[in-house]
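J.: Supplied structure: run.cif, mmCIF, C-alpha atoms.
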data_target
loop_
_atom_site.label_atom_id
_atom_site.label_comp_id
_atom_site.auth_asym_id
_atom_site.auth_seq_id
_atom_site.Cartn_x
_atom_site.Cartn_y
_atom_site.Cartn_z
CA MET A 5 -84.86 -10.99 29.36
CA ASN A 6 -81.79 -9.55 31.01
CA LYS A 7 -78.75 -8.98 28.76
CA TYR A 8 -75.24 -9.18 30.25
CA GLN A 9 -72.10 -7.64 28.63
CA LYS A 10 -69.07 -9.79 29.37
CA GLY A 11 -65.41 -8.60 29.15
CA PHE A 12 -61.94 -9.01 30.71
CA SER A 13 -61.33 -8.32 34.30
CA LEU A 14 -58.62 -5.93 35.43
CA LEU A 15 -56.50 -8.84 36.60
CA GLU A 16 -56.75 -10.55 33.21
CA ILE A 17 -55.71 -7.33 31.43
CA LEU A 18 -52.68 -6.92 33.70
CA ILE A 19 -51.60 -10.51 33.14
CA SER A 20 -51.96 -10.09 29.35
CA LEU A 21 -49.92 -6.88 29.38
CA THR A 22 -47.19 -8.55 31.43
CA ILE A 23 -46.98 -11.51 29.06
CA GLY A 24 -46.93 -9.14 26.07
CA LEU A 25 -44.13 -7.08 27.59
CA VAL A 26 -42.07 -10.21 28.26
CA ILE A 27 -42.53 -11.38 24.66
CA PHE A 28 -41.73 -7.89 23.31
CA ALA A 29 -38.60 -7.67 25.45
CA GLY A 30 -37.46 -11.04 24.13
CA VAL A 31 -38.06 -10.04 20.52
CA LEU A 32 -36.31 -6.70 21.10
CA THR A 33 -33.31 -8.45 22.66
CA ILE A 34 -33.04 -10.79 19.69
CA PHE A 35 -33.34 -7.84 17.27
CA VAL A 36 -30.64 -5.83 19.04
CA GLY A 37 -28.39 -8.89 19.18
CA MET A 38 -28.86 -9.57 15.49
CA LYS A 39 -28.19 -5.92 14.63
CA THR A 40 -25.01 -5.91 16.76
CA THR A 41 -23.83 -9.16 15.17
CA SER A 42 -24.61 -7.79 11.71
CA THR A 43 -22.64 -4.60 12.45
CA GLN A 44 -19.67 -6.58 13.75
CA THR A 45 -19.74 -8.96 10.79
CA SER A 46 -19.95 -6.08 8.30
CA SER A 47 -17.13 -4.23 10.07
CA ILE A 48 -14.80 -7.23 10.16
CA GLY A 49 -15.63 -8.03 6.53
CA ALA A 50 -14.71 -4.49 5.46
CA LEU A 51 -11.47 -4.64 7.46
CA GLN A 52 -10.52 -7.96 5.87
CA GLU A 53 -11.28 -6.67 2.37
CA ASN A 54 -9.30 -3.44 2.83
CA GLY A 55 -6.33 -5.14 4.49
CA ARG A 56 -6.08 -7.90 1.91
CA PHE A 57 -6.42 -5.41 -0.96
CA ALA A 58 -3.59 -3.31 0.50
CA LEU A 59 -1.38 -6.40 0.79
CA SER A 60 -2.25 -7.44 -2.76
CA VAL A 61 -1.37 -4.05 -4.28
CA LEU A 62 1.92 -3.76 -2.39
CA THR A 63 2.85 -7.38 -3.11
CA ASP A 64 2.20 -7.09 -6.86
CA ASP A 65 4.36 -3.96 -7.06
CA LEU A 66 7.21 -5.48 -5.05
CA LEU A 67 7.22 -8.64 -7.18
CA ARG A 68 8.06 -6.44 -10.20
CA GLU A 69 10.68 -4.28 -8.43
CA GLY A 70 13.93 -4.06 -10.38
CA PHE A 71 12.55 -5.61 -13.57
CA TRP A 72 13.93 -3.74 -16.59
CA GLY A 73 12.66 -5.74 -19.53
CA ASN A 74 15.46 -6.92 -21.80
CA ILE A 75 18.24 -5.27 -19.78
CA PRO A 76 19.84 -8.14 -17.81
CA SER A 77 20.89 -6.11 -14.76
CA GLN A 78 19.96 -3.19 -12.57
CA LEU A 79 19.29 0.01 -14.49
CA THR A 80 22.18 2.51 -14.66
CA ASP A 81 22.89 5.79 -16.35
CA ASN A 82 25.58 4.04 -18.42
CA THR A 83 23.10 1.61 -19.98
CA LEU A 84 20.74 4.37 -21.19
CA ILE A 85 21.18 6.44 -24.32
CA ALA A 86 18.30 8.77 -23.49
CA ILE A 87 16.77 9.96 -20.19
CA PRO A 88 13.96 12.55 -20.22
CA VAL A 89 13.49 15.42 -17.79
CA ILE A 90 10.56 14.94 -15.42
CA GLY A 91 7.65 17.27 -16.05
CA GLY A 92 6.37 18.51 -12.70
CA GLN A 93 7.61 17.48 -9.27
CA ASP A 94 9.83 14.42 -9.00
CA CYS A 95 9.91 12.15 -5.94
CA VAL A 96 13.50 12.07 -4.69
CA GLY A 97 14.36 9.85 -1.72
CA GLN A 98 17.55 9.53 0.26
CA GLY A 99 20.81 8.63 -1.45
CA LEU A 100 22.82 10.05 -4.32
CA ASN A 101 20.72 8.40 -7.02
CA ASN A 102 17.13 8.01 -5.84
CA ALA A 103 14.98 10.03 -8.24
CA THR A 104 12.58 8.59 -10.82
CA PHE A 105 15.27 7.99 -13.45
CA PRO A 106 18.97 6.98 -13.07
CA GLN A 107 21.51 9.77 -12.58
CA ASP A 108 25.20 9.83 -13.41
CA VAL A 109 26.30 9.55 -9.76
CA GLY A 110 25.90 6.78 -7.21
CA THR A 111 23.83 3.60 -7.48
CA PHE A 112 20.28 3.85 -8.81
CA ARG A 113 17.79 2.71 -6.17
CA SER A 114 14.81 0.82 -7.53
CA LEU A 115 13.64 0.16 -3.96
CA TRP A 116 13.84 2.46 -0.97
CA GLY A 117 11.78 3.20 2.12
CA MET A 118 11.77 4.91 5.50
CA THR A 119 9.58 5.35 8.56
CA ALA A 120 8.26 8.91 8.56
CA VAL A 121 9.56 11.05 11.42
CA ASN A 122 7.89 14.15 10.02
CA ALA A 123 5.22 15.03 7.46
CA SER A 124 7.75 15.44 4.60
CA PRO A 125 9.87 12.26 4.46
CA ILE A 126 10.41 12.64 0.69
CA THR A 127 10.41 15.63 -1.65
CA CYS A 128 6.93 15.04 -3.10
CA ILE A 129 5.08 14.45 0.22
CA ASN A 130 4.14 16.98 2.90
CA ASP A 131 1.28 15.27 4.76
CA ALA A 132 2.57 11.84 5.78
CA ASN A 133 1.47 10.30 9.08
CA ILE A 134 4.40 10.10 11.47
CA GLY A 135 5.27 6.54 12.50
CA SER A 136 4.07 4.90 9.27
CA ASP A 137 6.38 3.98 6.38
CA VAL A 138 6.83 5.46 2.94
CA ILE A 139 8.16 3.27 0.12
CA GLN A 140 9.39 3.82 -3.47
CA ILE A 141 9.21 1.02 -6.06
CA LYS A 142 10.54 1.30 -9.63
CA HIS A 143 10.34 -1.13 -12.55
CA VAL A 144 8.86 -1.62 -15.99
CA LEU A 145 5.50 -3.27 -16.46
CA SER A 146 5.05 -6.51 -18.38
CA PRO A 147 3.98 -7.55 -20.96
CA PRO A 148 5.75 -5.35 -23.56
CA VAL A 149 3.81 -2.57 -25.24
CA VAL A 150 2.49 -3.37 -28.70
CA GLY A 151 1.14 -0.50 -30.78
CA ASN A 152 0.78 3.15 -29.83
CA THR A 153 2.06 4.55 -26.55
CA ASP A 154 0.20 6.88 -24.19
CA ASN A 155 1.52 10.46 -24.16
CA THR A 156 0.88 10.75 -20.40
CA LEU A 157 3.20 7.85 -19.52
CA TYR A 158 6.92 7.03 -19.68
CA TYR A 159 8.40 4.00 -21.43
CA LEU A 160 11.67 2.09 -21.70
CA ASN A 161 12.82 0.88 -25.12
CA ALA A 162 15.53 -1.69 -24.43
CA ASN A 163 17.60 -4.51 -25.84
CA SER A 164 20.05 -6.71 -23.93
CA ASP A 165 22.78 -4.03 -23.97
CA SER A 166 21.14 -0.63 -23.64
CA GLY A 167 17.91 1.28 -23.58
CA ALA A 168 16.20 4.65 -23.82
CA ILE A 169 13.54 6.14 -21.56
CA PHE A 170 10.98 8.33 -23.34
CA SER A 171 7.54 9.84 -22.91
CA GLY A 172 4.73 8.30 -24.92
CA VAL A 173 4.02 10.04 -28.20
CA GLY A 174 0.78 8.46 -29.40
CA ALA A 175 1.36 7.20 -32.92
CA GLY A 176 4.96 8.43 -33.01
CA ALA A 177 8.04 6.22 -32.92
CA PRO A 178 10.13 5.67 -29.76
CA PRO A 179 13.89 6.43 -29.69
CA THR A 180 15.87 4.05 -31.87
CA VAL A 181 17.28 1.03 -30.03
CA ASN A 182 18.37 -1.86 -32.24
CA ASN A 183 16.01 -4.79 -31.72
CA GLY A 184 14.50 -2.91 -28.80
CA VAL A 185 11.30 -3.86 -26.98
CA VAL A 186 9.08 -1.19 -25.41
CA TRP A 187 7.90 -1.47 -21.79
CA GLN A 188 5.87 0.91 -19.66
CA TYR A 189 8.04 2.57 -17.00
CA GLN A 190 6.58 2.79 -13.50
CA HIS A 191 7.61 4.60 -10.33
CA HIS A 192 5.16 4.20 -7.44
CA VAL A 193 5.24 5.77 -3.99
CA TYR A 194 3.03 4.60 -1.09
CA TYR A 195 2.37 6.29 2.25
CA ILE A 196 -0.39 6.98 4.82
CA ARG A 197 -2.09 10.30 5.44
CA ASP A 198 -5.24 11.46 7.29
CA GLU A 199 -8.25 12.75 5.37
CA ALA A 200 -11.30 14.59 6.72
CA GLN A 201 -14.55 12.81 5.81
CA GLY A 202 -17.40 14.77 7.34
CA ASN A 203 -16.75 15.03 11.08
CA LEU A 204 -14.35 12.09 11.01
CA THR A 205 -10.62 11.78 10.33
CA VAL A 206 -9.86 8.69 8.26
CA PRO A 207 -6.37 7.26 7.59
CA VAL A 208 -5.86 6.54 3.89
CA LEU A 209 -3.27 4.59 1.90
CA MET A 210 -2.03 6.92 -0.82
CA GLN A 211 -0.46 5.84 -4.12
CA GLY A 212 1.77 8.07 -6.23
CA VAL A 213 1.81 7.37 -9.98
CA LEU A 214 4.26 8.87 -12.48
CA SER A 215 2.83 11.26 -15.06
CA VAL A 216 4.57 13.00 -17.98
CA ASN A 217 3.08 16.45 -17.45
CA ASN A 218 2.64 16.56 -13.68
CA GLY A 219 5.38 14.36 -12.25
CA MET A 220 4.16 12.23 -9.35
CA ILE A 221 0.37 12.37 -8.91
CA PHE A 222 -1.08 11.06 -5.64
CA SER A 223 -4.57 9.71 -5.14
CA PRO A 224 -6.33 7.82 -2.32
CA LEU A 225 -6.09 4.07 -2.84
CA ILE A 226 -7.73 2.46 0.23
CA ASP A 227 -9.58 4.08 3.14
CA GLY A 228 -9.01 2.83 6.65
CA ILE A 229 -5.34 1.77 6.37
CA GLU A 230 -3.76 3.20 9.53
CA ILE A 231 -0.12 2.04 9.36
CA ILE A 232 2.10 0.34 6.81
CA HIS A 233 5.53 -0.97 7.77
CA PHE A 234 8.22 -2.82 5.83
CA MET A 235 11.21 -4.89 6.90
CA TYR A 236 13.83 -5.69 4.29
CA GLY A 237 15.36 -9.16 4.05
CA VAL A 238 19.09 -8.65 3.49
CA ASP A 239 21.62 -11.18 2.21
CA ALA A 240 24.86 -9.82 3.66
CA ASP A 241 27.16 -12.74 2.80
CA ASP A 242 25.91 -13.32 -0.77
CA ASP A 243 24.89 -16.93 -0.17
CA GLY A 244 21.38 -16.49 -1.56
CA ASP A 245 19.62 -16.61 1.83
CA VAL A 246 18.14 -13.82 3.90
CA ASP A 247 20.37 -13.19 6.91
CA ALA A 248 18.08 -10.72 8.68
CA PHE A 249 14.96 -8.63 8.21
CA ILE A 250 15.87 -5.03 8.89
CA SER A 251 13.67 -1.98 9.52
CA PRO A 252 14.25 1.15 7.40
CA VAL A 253 15.82 2.99 10.33
CA ASN A 254 18.56 0.35 10.50
CA MET A 255 19.15 -0.05 6.75
CA THR A 256 22.59 1.19 5.72
CA GLN A 257 23.43 3.08 2.54
CA ALA A 258 25.28 -0.01 1.27
CA PHE A 259 22.18 -2.15 1.76
CA TRP A 260 20.00 0.27 -0.22
CA ASP A 261 22.60 0.63 -2.96
CA LYS A 262 23.04 -3.15 -3.11
CA ASN A 263 26.82 -2.76 -3.23
CA ASP A 264 27.77 -5.36 -0.65
CA SER A 265 24.45 -7.18 -0.33
CA ASN A 266 21.12 -7.92 -1.94
CA ILE A 267 17.62 -7.24 -0.65
CA LEU A 268 16.03 -10.60 -1.34
CA ALA A 269 12.64 -10.19 0.35
CA VAL A 270 10.35 -7.66 1.98
CA ARG A 271 8.09 -8.30 4.95
CA ILE A 272 4.89 -6.20 4.87
CA PHE A 273 2.73 -5.21 7.84
CA VAL A 274 -0.64 -3.49 7.34
CA LEU A 275 -2.87 -2.27 10.18
CA ALA A 276 -6.43 -1.72 8.95
CA ARG A 277 -8.88 0.39 10.97
CA ASP A 278 -12.64 0.86 10.78
CA ILE A 279 -13.75 4.06 9.08
CA LEU A 280 -16.63 4.59 11.54
CA PRO A 281 -16.38 4.20 15.34
CA ASP A 282 -18.69 1.81 17.18
CA ASN A 283 -19.71 3.32 20.54
CA SER A 284 -20.81 -0.12 21.76
CA TYR A 285 -17.26 -1.45 21.32
CA THR A 286 -14.04 -0.48 23.08
CA ASN A 287 -10.71 -1.51 21.57
CA THR A 288 -7.88 -1.81 24.09
CA ASN A 289 -5.71 -4.19 22.04
CA THR A 290 -1.99 -3.92 21.35
CA TYR A 291 -0.70 -4.46 17.81
CA GLN A 292 2.88 -5.43 16.95
CA LEU A 293 4.10 -4.45 13.47
CA GLY A 294 7.50 -6.06 13.16
CA ASP A 295 10.03 -4.27 15.33
CA LEU A 296 8.08 -1.02 15.58
CA PRO A 297 7.11 0.04 19.11
CA PRO A 298 3.81 -1.69 20.04
CA VAL A 299 0.73 0.19 18.88
CA VAL A 300 -1.49 0.56 21.97
CA VAL A 301 -5.04 1.85 21.40
CA ASN A 302 -8.02 2.78 23.57
CA ASP A 303 -10.90 3.88 21.37
CA ASN A 304 -14.06 2.68 19.60
CA TYR A 305 -12.48 1.50 16.33
CA ARG A 306 -12.05 -2.13 15.31
CA ARG A 307 -8.72 -3.06 13.76
CA LEU A 308 -7.09 -6.04 12.05
CA LEU A 309 -3.37 -6.62 11.50
CA PHE A 310 -2.15 -8.25 8.28
CA SER A 311 1.32 -9.38 7.29
CA THR A 312 3.05 -11.25 4.49
CA THR A 313 6.55 -11.79 3.11
CA VAL A 314 7.35 -11.10 -0.56
CA THR A 315 10.28 -12.66 -2.38
CA LEU A 316 11.95 -10.21 -4.79
CA TYR A 317 12.40 -12.36 -7.86
CA ASN A 318 14.61 -9.83 -9.68
CA ALA A 319 17.05 -9.28 -6.80
CA ARG A 320 19.71 -11.74 -7.98
CA THR A 321 18.77 -12.08 -11.63
CA ASP A 322 21.57 -11.76 -14.19
CA THR A 323 19.52 -12.57 -17.24
CA TRP A 324 15.77 -12.22 -17.53
CA PRO A 325 13.90 -15.32 -18.74
#
Let me see the structure of the file written as structure tokens.
T.:
Amino acid sequence: MNKYQKGFSLLEILISLTIGLVIFAGVLTIFVGMKTTSTQTSSIGALQENGRFALSVLTDDLLREGFWGNIPSQLTDNTLIAIPVIGGQDCVGQGLNNATFPQDVGTFRSLWGMTAVNASPITCINDANIGSDVIQIKHVLSPPVVGNTDNTLYYLNANSDSGAIFSGVGAGAPPTVNNGVVWQYQHHVYYIRDEAQGNLTVPVLMQGVLSVNNGMIFSPLIDGIEIIHFMYGVDADDDGDVDAFISPVNMTQAFWDKNDSNILAVRIFVLARDILPDNSYTNTNTYQLGDLPPVVVNDNYRRLLFSTTVTLYNARTDTWP
């Protein structure tokens, strides 16, 4: 008997390969599309998280600006019976009285900011990104301190008439203030600088925190924050309403010192940028941060712009609740 070996013809093999290639190309297209979508989703999610976190931190600090515990007014040198000397470098902004603690000249500024025109817009900073803002915020932190204080922090012991600022002394007693309540004293400074991360340059939101031994200590707070900008809502006619939102460059000394007006609100703008570039994406958008010149880009980084307006609850308070 004759035995025959059967198989595929050359034409059948070519047809099978063609069908297989079509199916493979379809699967590959779906895979690449899903990967691109996943990358975009992850990128936008990170931008939203970073931008919202930046707004949250700045908002929380601004809501407390000018709060001095039991003292029913803005803090002055005349209301304090004791003011310590800063250990380390202080952060001194513009104006006669714009250091960490009140001085005996001018009006103490619990809020102040400017748009950086060079890398050293304030005495404690030498690496600020030009075109982004720097801001100082001063207040005490609620609730009051119960128990021992921390010897690395400053505190305000105050009643309704006067107070004393002191450094924490562990189990020791604070300066004597009749019927005084102790609050943690805070002075924060925020600005943007660039940091090298491998072969990349990443913009970072920096936060300065007051320390007893070292003065103002800065540390990275959020990566990927490219620009912060603030506009200050000024009540020039003392009717309790904001008359205009003004950029730092147009704020007068009287506005900052709150002699003839009150700063009732602050408008915050935050531009968040991806940490890593995406070579499959080109960003040619224009971003408008208040009255700053438009930010025009042409690169491979995704960005999102965030903004909010914060009411300063302590701006017109005569007596704390």
J.: Which residue gives the smallest distance to Phe222 (chain A) among A:Thr288, A:Thr119, A:Asn155, A:Asn130, with only C-alpha atoms counted?
T.: A:Asn130
J.: Hey, which of A:Val274, A:Ile196, A:Ala319, A:Cys95 ends up closest to Val213 (chain A)? Count all atoms listed in the file.
T.: A:Cys95
J.: With only C-alpha atoms as the counted atoms, please give the residues lying no more than 7 Å from Val314 (chain A), apart from itself and same-chain residues fewer than 2 positions off, as number ranges by chain.
T.: A: 63, 269-271, 312, 316
J.: Could you write those residues out with C-alpha atoms, as a short mmCIF file (atom, residue, chain, number, x, y, z; two decimals), in the frame of the given file?
T.:
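Wrote out-v2.cif, looks like this:
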data_model
loop_
_atom_site.label_atom_id
_atom_site.label_comp_id
_atom_site.auth_asym_id
_atom_site.auth_seq_id
_atom_site.Cartn_x
_atom_site.Cartn_y
_atom_site.Cartn_z
CA THR A 63 2.85 -7.38 -3.11
CA ALA A 269 12.64 -10.19 0.35
CA VAL A 270 10.35 -7.66 1.98
CA ARG A 271 8.09 -8.30 4.95
CA THR A 312 3.05 -11.25 4.49
CA LEU A 316 11.95 -10.21 -4.79
#
J.: Run the PyMOL selection byres ((chain A and resi 144) around 8) on the file and write out the hits as a compact mmCIF listing (two decimals) with C-alpha atoms, in the coordinates of the input.
T.:
# COMPACT_ATOMS: atom_id res chain seq x y z
CA ARG A 68 8.06 -6.44 -10.20
CA GLY A 70 13.93 -4.06 -10.38
CA PHE A 71 12.55 -5.61 -13.57
CA TRP A 72 13.93 -3.74 -16.59
CA GLY A 73 12.66 -5.74 -19.53
CA LYS A 142 10.54 1.30 -9.63
CA HIS A 143 10.34 -1.13 -12.55
CA LEU A 145 5.50 -3.27 -16.46
CA SER A 146 5.05 -6.51 -18.38
CA TYR A 159 8.40 4.00 -21.43
CA LEU A 160 11.67 2.09 -21.70
CA TRP A 187 7.90 -1.47 -21.79
CA GLN A 188 5.87 0.91 -19.66
CA TYR A 189 8.04 2.57 -17.00
CA GLN A 190 6.58 2.79 -13.50
J.: Considering only C-alpha atoms, state which residue in the set A:Asn152, A:Ser60, A:Pro147, A:Met220 is at the smallest distance from Ala103 (chain A).
T.: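 So, comparing all the options, the nearest one is A:Met220.
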J.: Using only C-alpha atoms, which of the listed residues (A:Trp260, A:Phe170, A:Phe234, A:Tyr317) sits closest to Gly97 (chain A)?
T.: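 Using only C-alpha atoms, Gly97 (chain A) sits closest to A:Trp260.
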J.: Hey, could you pull the box centre and edge lengths for region 12-17 of chain A, axis-aligned, 3 Å padding per side, all listed atoms, to one decimal in Å, as lines of an AutoDock Vina configuration file?
T.:
center_x = -58.8
center_y = -8.2
center_z = 33.7
size_x = 12.2
size_y = 10.6
size_z = 11.9
J.: Which residue out of A:Thr83, A:Asn217, A:Asn289, A:Thr205 has the minimum interatomic distance to Gln107 (chain A) when only C-alpha atoms are used?
T.: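 Looking at the shortest contact to Gln107 (chain A), the residue is A:Thr83.
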J.: Find the residue from A:Val96, A:Val216, A:Ala276, A:Val299 that sits nearest to Ala58 (chain A); use all atoms listed in the file when measuring.
T.: A:Ala276
J.: Would you work out the distance separating CA of Pro298 (chain A) from CA of Pro125 (chain A), expressed in Å to one decimal?
T.: 21.8 Å
J.: What would the selection look like, as a list in words, if the PyMOL selection byres ((chain A and resi 168) around 8) were run on the coordinates I just shared?
T.: Leu84, Ile85, Ala86, Ile87, Leu160, Asn161, Ala162, Ser166, Gly167, Ile169, Phe170, Pro179 and Val181 of chain A
J.: Residues around (5.6, 8.5, -18.3), cut-off 7 Å, counting all atoms listed in the file - what are they as a list in words?
T.: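 The distance filter leaves exactly Thr156, Leu157, Tyr158, Tyr159, Ser171, Gly172, Tyr189, Leu214, Ser215 and Val216 of chain A.
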J.: The PyMOL selection byres ((chain A and resi 257) around 12) on the file shown: which residues, as a PyMOL selection string?
T.: chain A and resi 98-102+110-113+116-117+252-256+258-265
J.: By how many Å are CA of Pro281 (chain A) and CA of Asp295 (chain A) apart?
T.: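 Computing it gives 27.7 Å between the two atoms.
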J.: CA of Cys128 (chain A) to CA of Ile221 (chain A): how many Å, to one decimal?
T.: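 For CA of Cys128 (chain A) relative to CA of Ile221 (chain A), the distance reads 9.2 Å.
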J.: I'd like the neighbourhood of Phe57 (chain A) as a PyMOL selection string, where a residue qualifies if any of its atoms comes within 10 Å (using only C-alpha atoms), though same-chain residues fewer than 6 positions away should be ignored.
T.: chain A and resi 51+63+225-226
J.: Since the input lacks atoms, please generate N, CA and C atoms for region 15-29 of chain A and provide them as a tab-separated table (two decimals), keeping the file's coordinate frame.
T.:
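The resulting file, selection.tsv, is shown below:
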chain	number	residue	atom	x	y	z
A	15	LEU	N	-57.59	-7.91	36.38
A	15	LEU	CA	-56.50	-8.84	36.60
A	15	LEU	C	-56.07	-9.53	35.31
A	16	GLU	N	-57.07	-9.91	34.48
A	16	GLU	CA	-56.75	-10.55	33.21
A	16	GLU	C	-55.98	-9.61	32.27
A	17	ILE	N	-56.39	-8.33	32.28
A	17	ILE	CA	-55.71	-7.33	31.43
A	17	ILE	C	-54.26	-7.16	31.88
A	18	LEU	N	-54.05	-7.09	33.20
A	18	LEU	CA	-52.68	-6.92	33.70
A	18	LEU	C	-51.81	-8.11	33.37
A	19	ILE	N	-52.36	-9.31	33.48
A	19	ILE	CA	-51.60	-10.51	33.14
A	19	ILE	C	-51.24	-10.52	31.65
A	20	SER	N	-52.21	-10.13	30.80
A	20	SER	CA	-51.96	-10.09	29.35
A	20	SER	C	-50.86	-9.09	29.01
A	21	LEU	N	-50.94	-7.90	29.65
A	21	LEU	CA	-49.92	-6.88	29.38
A	21	LEU	C	-48.54	-7.36	29.81
A	22	THR	N	-48.48	-8.05	30.95
A	22	THR	CA	-47.19	-8.55	31.43
A	22	THR	C	-46.60	-9.57	30.47
A	23	ILE	N	-47.45	-10.51	30.03
A	23	ILE	CA	-46.98	-11.51	29.06
A	23	ILE	C	-46.52	-10.85	27.77
A	24	GLY	N	-47.30	-9.85	27.30
A	24	GLY	CA	-46.93	-9.14	26.07
A	24	GLY	C	-45.61	-8.42	26.20
A	25	LEU	N	-45.40	-7.78	27.38
A	25	LEU	CA	-44.13	-7.08	27.59
A	25	LEU	C	-42.94	-8.04	27.62
A	26	VAL	N	-43.15	-9.22	28.23
A	26	VAL	CA	-42.07	-10.21	28.26
A	26	VAL	C	-41.72	-10.68	26.85
A	27	ILE	N	-42.76	-10.95	26.04
A	27	ILE	CA	-42.53	-11.38	24.66
A	27	ILE	C	-41.85	-10.27	23.86
A	28	PHE	N	-42.32	-9.02	24.04
A	28	PHE	CA	-41.73	-7.89	23.31
A	28	PHE	C	-40.27	-7.69	23.70
A	29	ALA	N	-39.99	-7.82	25.01
A	29	ALA	CA	-38.60	-7.67	25.45
A	29	ALA	C	-37.71	-8.74	24.85
